[in-house]
Structure formats: structure tokens, C-alpha cells
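Engineer: I have a structure here, written as C-alpha cells, and I will follow up with some questions on it.
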Amino acid sequence: MHIFMFRGINLSEKFAKGWEDGRSGQPLTERIKSAVKPPGPLKPRLNMAVRRLDMQIQKLDQASDRFSKRDKSIFARIVDAYTKHDMARANVFASELAEIRKMEKMIMHGRLALEQIVLRLRTVSELGDVVSTLGPAVNVLRAVKTGMANVFPEADRELGQIGDLLSGIIMEAGQNSGFSVNFETANEDAQKIMAEASAIAEQKIKEKFPELPAGIPSVSLGEQSPTGTS
């Protein structure tokens, strides 16, 4: 994460204008030039970020429900093929189920990570807390965004905008408080959040869905995650 500081220019308004007008695709220099008015109090913008993250969590829940229904349907077909001793057909369905469950893990991983960010944002009360809390939050958002890019383009765009919103808040809070982001600590905290979310997601997937019948290749969940790593 890079935070750009220019003397005499309040960059947080640059981000705010981009969210309101849908002009976030403008070149950086043009968005800086448009930074004229102060963006207002930090708390309402933190609350806005929380609301937008809650909406993304709800959308991920809806997507998870759709994949769960598909999972049950494919699993039933595997069992049917297996009972009829049609192993070739069962293996084809097992491969499809493996891809579905990787997607389900990715969704759950992203959801759990976003949930942790929301919990942290709701506990912020001081400017110093804003800087120390939002640094890891922005890194987590970027990791989740990367994982969602090819699957949920709308989530990719929205998470990018929320990340910009939080980056603007970090800059203003840093200017007002004198605190600055410790990038090493922020990265470590973000990695811990993502690792914990990944472990919980994999365990929940194993608990939620039944195992395949004996003789069918097992379903691997380790190839897809919001960070692009297992």
C-alpha cells in the first residue's frame, strides 16, 4: 500500500469525489487537481465503509447459497452414478464438484476476512486507532479483491472503491494525528487475518459438505483462495 502525500493538497477529497461521481478511472494527476474541498468528518465515512462492506458480505452469502445448491445437485449425481457403477460419469461430476467447492471456499474465505475488517472498523474510536486499524484493512481488501476479480467483477470494483475510501481516511487521520502507517506491521496483520480466514473457511467447508463415496477421487480445496494461494 502506498500513501501519497502532497504539501497543501488534501488527497482524501480526491478519493471522495471519485466514489461519488464514478470518476475513479481518472488519471491520478487529474484526481489530485480536483481535490479542492475538505471531505468532512471521518466517522461518517467509516460508517459508510462498514455499510458497503456489509452489503458485499450479504452478496457473498447469496453467492454461497447458489453454489451450495449446485453442490448438492452435483453430489446427488455423483452418488447416482456411483450406485450404477458408472465410474467414468461419477469422476466427471467429481471434477465439477471440486471446482464448485474451490469457489465455495474462496467465497467463504473472502466473507470471513471482510467480516473481520467490519468488526475492527466498528471498534475504531481514536485517530491513532484509525491509522493502525485501517492499514491492515486496506491490505486485506486488496487480497480479497484480487481473488474476486475474475469471478465477481462487481465485487472487485466495489472492494476497490472501499479500499480507496479507507486509504483516504488513513491519509487524513495521519495528517490530523501525526500517526503514520507501519507498513511491515500492517502487512503482517493482514496476512494473519487472511491465514485465519483461510483455515476457518476450509474447516467450515469440510463440515458443511459430505465426503465423496469411496473410490471417487477426493475433492481438493487448496487451489483457490482470495489471495491466490492455499
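Residues in the C-alpha cells are numbered from 1 in each chain, the chains being A, B, ... in the order shown, and ligands are numbered from 1 in the order shown.
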Need the shell around range 191-194 of chain A: protein/DNA/RNA residues with any atom at most 9 Å away, counting only C-alpha atoms. Skip same-chain ones fewer than 4 positions apart. Format as a list in words?
Structural biologist: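 Counting only the stated atoms, we get His109, Gly110, Leu112, Ala113, Gln116, Ile117, Pro136, Asn139, Val140, Ala143, Val144, Ala186, Asn187, Ser198, Ala199, Pro226 and Thr227 of chain A.
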Engineer: Put those residues in a file: N, CA and C atoms, as a PDB file, in the first residue's frame.
Structural biologist:
ATOM      1  N   HIS A 109     -13.849 -17.748   2.433  1.00  0.00           N
ATOM      2  CA  HIS A 109     -12.595 -17.111   2.850  1.00  0.00           C
ATOM      3  C   HIS A 109     -12.730 -15.597   2.780  1.00  0.00           C
ATOM      4  N   GLY A 110     -13.199 -15.099   1.645  1.00  0.00           N
ATOM      5  CA  GLY A 110     -13.374 -13.658   1.482  1.00  0.00           C
ATOM      6  C   GLY A 110     -14.373 -13.088   2.460  1.00  0.00           C
ATOM      7  N   LEU A 112     -15.252 -14.235   5.464  1.00  0.00           N
ATOM      8  CA  LEU A 112     -14.695 -14.207   6.820  1.00  0.00           C
ATOM      9  C   LEU A 112     -13.684 -13.075   6.985  1.00  0.00           C
ATOM     10  N   ALA A 113     -12.880 -12.839   5.952  1.00  0.00           N
ATOM     11  CA  ALA A 113     -11.899 -11.752   6.016  1.00  0.00           C
ATOM     12  C   ALA A 113     -12.592 -10.397   6.085  1.00  0.00           C
ATOM     13  N   GLN A 116     -14.030  -9.753   9.510  1.00  0.00           N
ATOM     14  CA  GLN A 116     -13.027  -9.300  10.476  1.00  0.00           C
ATOM     15  C   GLN A 116     -12.739  -7.809  10.321  1.00  0.00           C
ATOM     16  N   ILE A 117     -12.705  -7.337   9.087  1.00  0.00           N
ATOM     17  CA  ILE A 117     -12.470  -5.911   8.847  1.00  0.00           C
ATOM     18  C   ILE A 117     -13.620  -5.081   9.397  1.00  0.00           C
ATOM     19  N   PRO A 136      -3.932  -2.527   7.915  1.00  0.00           N
ATOM     20  CA  PRO A 136      -4.178  -3.937   7.580  1.00  0.00           C
ATOM     21  C   PRO A 136      -5.475  -4.131   6.805  1.00  0.00           C
ATOM     22  N   ASN A 139      -5.016  -3.684   3.109  1.00  0.00           N
ATOM     23  CA  ASN A 139      -4.276  -4.811   2.530  1.00  0.00           C
ATOM     24  C   ASN A 139      -5.159  -6.046   2.383  1.00  0.00           C
ATOM     25  N   VAL A 140      -6.013  -6.275   3.370  1.00  0.00           N
ATOM     26  CA  VAL A 140      -6.939  -7.413   3.291  1.00  0.00           C
ATOM     27  C   VAL A 140      -7.921  -7.218   2.144  1.00  0.00           C
ATOM     28  N   ALA A 143      -6.319  -8.060  -1.073  1.00  0.00           N
ATOM     29  CA  ALA A 143      -6.157  -9.506  -1.254  1.00  0.00           C
ATOM     30  C   ALA A 143      -7.471 -10.155  -1.672  1.00  0.00           C
ATOM     31  N   VAL A 144      -8.563  -9.788  -0.989  1.00  0.00           N
ATOM     32  CA  VAL A 144      -9.874 -10.345  -1.327  1.00  0.00           C
ATOM     33  C   VAL A 144     -10.280  -9.906  -2.730  1.00  0.00           C
ATOM     34  N   ALA A 186       1.399  -3.634   9.289  1.00  0.00           N
ATOM     35  CA  ALA A 186       0.125  -3.725   8.570  1.00  0.00           C
ATOM     36  C   ALA A 186       0.089  -4.971   7.696  1.00  0.00           C
ATOM     37  N   ASN A 187       1.187  -5.255   7.014  1.00  0.00           N
ATOM     38  CA  ASN A 187       1.246  -6.444   6.157  1.00  0.00           C
ATOM     39  C   ASN A 187       1.165  -7.726   6.977  1.00  0.00           C
ATOM     40  N   SER A 198      -8.669 -18.318   6.013  1.00  0.00           N
ATOM     41  CA  SER A 198      -8.496 -19.478   5.141  1.00  0.00           C
ATOM     42  C   SER A 198      -8.663 -20.783   5.914  1.00  0.00           C
ATOM     43  N   ALA A 199      -8.061 -20.851   7.094  1.00  0.00           N
ATOM     44  CA  ALA A 199      -8.155 -22.067   7.904  1.00  0.00           C
ATOM     45  C   ALA A 199      -9.594 -22.329   8.333  1.00  0.00           C
ATOM     46  N   PRO A 226      -8.847 -16.167  -1.946  1.00  0.00           N
ATOM     47  CA  PRO A 226      -8.804 -14.762  -2.302  1.00  0.00           C
ATOM     48  C   PRO A 226      -7.407 -14.210  -2.493  1.00  0.00           C
ATOM     49  N   THR A 227      -6.412 -14.841  -1.911  1.00  0.00           N
ATOM     50  CA  THR A 227      -5.058 -14.332  -2.061  1.00  0.00           C
ATOM     51  C   THR A 227      -4.329 -14.971  -3.218  1.00  0.00           C
TER      52      THR A 227
END
Engineer: Please produce, as CSV, a per-residue contact table for range 109-200 of chain A versus range 49-55 of chain A (criterion: any atom at most 10 Å away, only C-alpha atoms considered), showing the nearest atom pair and its distance in Å to one decimal, sorted by chain then residue number.
Structural biologist:
residue,atom,partner,partner_atom,distance
A:Arg111,CA,A:Leu53,CA,9.7
A:Leu114,CA,A:Leu53,CA,6.9
A:Glu115,CA,A:Asp54,CA,8.0
A:Ile117,CA,A:Leu53,CA,8.6
A:Val118,CA,A:Val50,CA,5.8
A:Leu119,CA,A:Val50,CA,8.8
A:Arg120,CA,A:Val50,CA,9.8
A:Leu121,CA,A:Val50,CA,7.0
A:Arg122,CA,A:Val50,CA,7.6
A:Leu141,CA,A:Leu53,CA,9.8
A:Ala155,CA,A:Met55,CA,10.0
A:Glu158,CA,A:Arg52,CA,8.2
A:Leu159,CA,A:Leu53,CA,7.9
A:Gln161,CA,A:Ala49,CA,9.5
A:Ile162,CA,A:Ala49,CA,6.2
A:Gly163,CA,A:Ala49,CA,8.8
A:Leu165,CA,A:Ala49,CA,7.3
A:Leu166,CA,A:Ala49,CA,7.4
Engineer: Which residue is closest to Ser73 in chain A? Choose from A:Leu46, A:Ile100, A:Leu134, A:Leu60 and count only C-alpha atoms.
Structural biologist: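 Residue with the minimum atom-to-atom distance to Ser73 in chain A: A:Ile100.
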Engineer: At what distance in Å, to one decimal, does CA of Lys59 in chain A lie from CA of Gly168 in chain A?
Structural biologist: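 These two atoms are separated by 24.9 Å.
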Engineer: In terms of the shortest atom-to-atom distance over only C-alpha atoms, which of A:Glu196, A:Glu172, A:Glu211, A:Asp164 is closest to Asp71 in chain A?
Structural biologist: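 Closest residue, counting only C-alpha atoms: A:Glu211.
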Engineer: I want to know what sits within 10 Å of range 76-80 of chain A, based on only C-alpha atoms, with residues of the same chain fewer than 6 positions away left out; could you give that as an NGL selection string?
Structural biologist: :A and (70 or 86-87 or 89-94 or 97 or 212-213 or 216)
Engineer: Can I get the selection written as a CSV table (one decimal), in the first residue's frame, with C-alpha atoms?
Structural biologist:
chain,number,residue,atom,x,y,z
A,70,ARG,CA,-25.3,-26.6,-7.1
A,86,ASP,CA,-20.7,-45.7,-13.8
A,87,MET,CA,-17.4,-44.6,-12.5
A,89,ARG,CA,-19.6,-40.4,-15.2
A,90,ALA,CA,-19.0,-40.2,-11.4
A,91,ASN,CA,-15.5,-38.9,-12.0
A,92,VAL,CA,-16.7,-36.3,-14.4
A,93,PHE,CA,-19.1,-35.0,-11.8
A,94,ALA,CA,-16.5,-35.2,-9.1
A,97,LEU,CA,-17.8,-30.7,-7.7
A,212,LEU,CA,-17.4,-38.4,-1.8
A,213,PRO,CA,-18.1,-42.2,-1.8
A,216,ILE,CA,-14.1,-41.4,-6.2
Engineer: Go through A:Ala195, A:Ala88, A:Ile170, A:Ala63 and flag the residue nearest Glu104 in chain A, using only C-alpha atoms for the distances.
Structural biologist: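 Answer, going by the shortest atom-to-atom distance: A:Ala63.
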